[in-house]
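Peer 1: One structure is given below, represented as structure tokens, and several questions about it will come after.
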Amino acid sequence: MTQRTMPWMDATKVHVKPFLKWAGGKSQLLPEIEKRLPTEMAAGKIETYVEPFIGGGAVFFYIAQKFPHLGRFCLIDINDDLINCYNAVKFNVDALIRELHDLQQQFLQSDQKEFFLDVRAKFNKHKPLSYDKEKPDIDTAARLLFLNRTCFNGLYRVNRKGQFNVPFGRYKNPRICAPRLLQEASELLEKAEIICGHFQDSTAFIDDKTFVYFDPPYRPLSATASFTSYAKEDFGEKDQIRLSQFCREIDEEGAKFLLSNSDPKNEAPNDTFFEDHYEKYGFHIDKVKAARAINCKAAGRGKINELLITNY
């Protein structure tokens, strides 16, 4: 696919950044994603933006600022704690800021590791069985943001019981409460419908005037790449295949999509999964360089290929 620079790619118009760190977040890939946005975005022919794996939301925050003419946004994720946090920022950001400020003050005045472990235990023990979309649980959202800022590498990882189990990060001066960032994010999220669900639940929002960005849990590069769970449910090979089928379905509806994923050829040169499930159906696959940051060993980090797949 020919890379291009569009006149509307003015980074000075984008200043609100994600309020969460997220493994696999797309801030570093935004320049490559920018080059591949459909021209219909700038021409005003796209009316709806859908992101079924919201994570840290870097692409959403970019799109929402860059294309304010868009009339509808739909953000979806299976992680109910994450969705509760987004809804807390959207519906009750002032209360969330107050709670985060209190957590920050207590953290700075205590044994920090012990305080972290106490907050982690409360986060796992006191979560509600279900969340009210328009009355989010502020305590749980604040604890999630606190843990995100103070745990190892800013990871979100849960065990099979859905319990957050990332260890303490030992940061010298973590930025736990960022009022302005949260307030600005809240303003942008006012435009969005925020839903806890599977990627297929986005169907009702998708038509021929929709752009969809998919950033699913990446297909593992090798059999030993076992970091998986951003939610209790794994996203395995069958789910990757179902997602490819879903992409074909929305392509038939006339929607535009861009999907990011790992390049299996980093580890297995003969692995043709994405050729078989995407390129075979006329979709375009571009390889881009990205930094591997999830490996805890320095020797396992570095630039690797990732894939950006489009139907245009």
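Here, A, B, ... name the chains of the structure tokens in the order displayed, residue numbers run from 1 inside each chain, and ligands are numbered from 1 in the same displayed order.
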Tell me which protein, DNA and RNA residues are within 9 Å of segment 129-138 of chain A, counting only C-alpha atoms, leaving out same-chain ones fewer than 3 positions away, and put them as number ranges by chain.
Peer 2: A: 80-81, 83-88, 90-93, 95-96, 99, 141-143, 194-196
Peer 1: Using DSSP secondary structure from the backbone, list all helix (DSSP H, G or I) positions within segment 21-58 of chain A, as a PyMOL selection string.
Peer 2: chain A and resi 30-35+58
Peer 1: Which is closest to Gln112 of chain A among A:Lys17, A:His284, A:Arg149, A:Arg170, if we use only C-alpha atoms?
Peer 2: A:Arg170
Peer 1: Return the single residue from A:Lys303, A:Lys172, A:Lys26, A:Arg120 that is closest to Val158 of chain A, with distances computed using only C-alpha atoms.
Peer 2: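 Going through A:Lys303, A:Lys172, A:Lys26, A:Arg120 one by one, the smallest distance to Val158 of chain A is for A:Arg120.
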Peer 1: Restricting the calculation to only C-alpha atoms: of A:Gln105, A:Ile46, A:Trp22, A:Gly197, which residue gets closest to Pro174 of chain A?
Peer 2: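 Among the listed residues, A:Gln105 lies closest to Pro174 of chain A.
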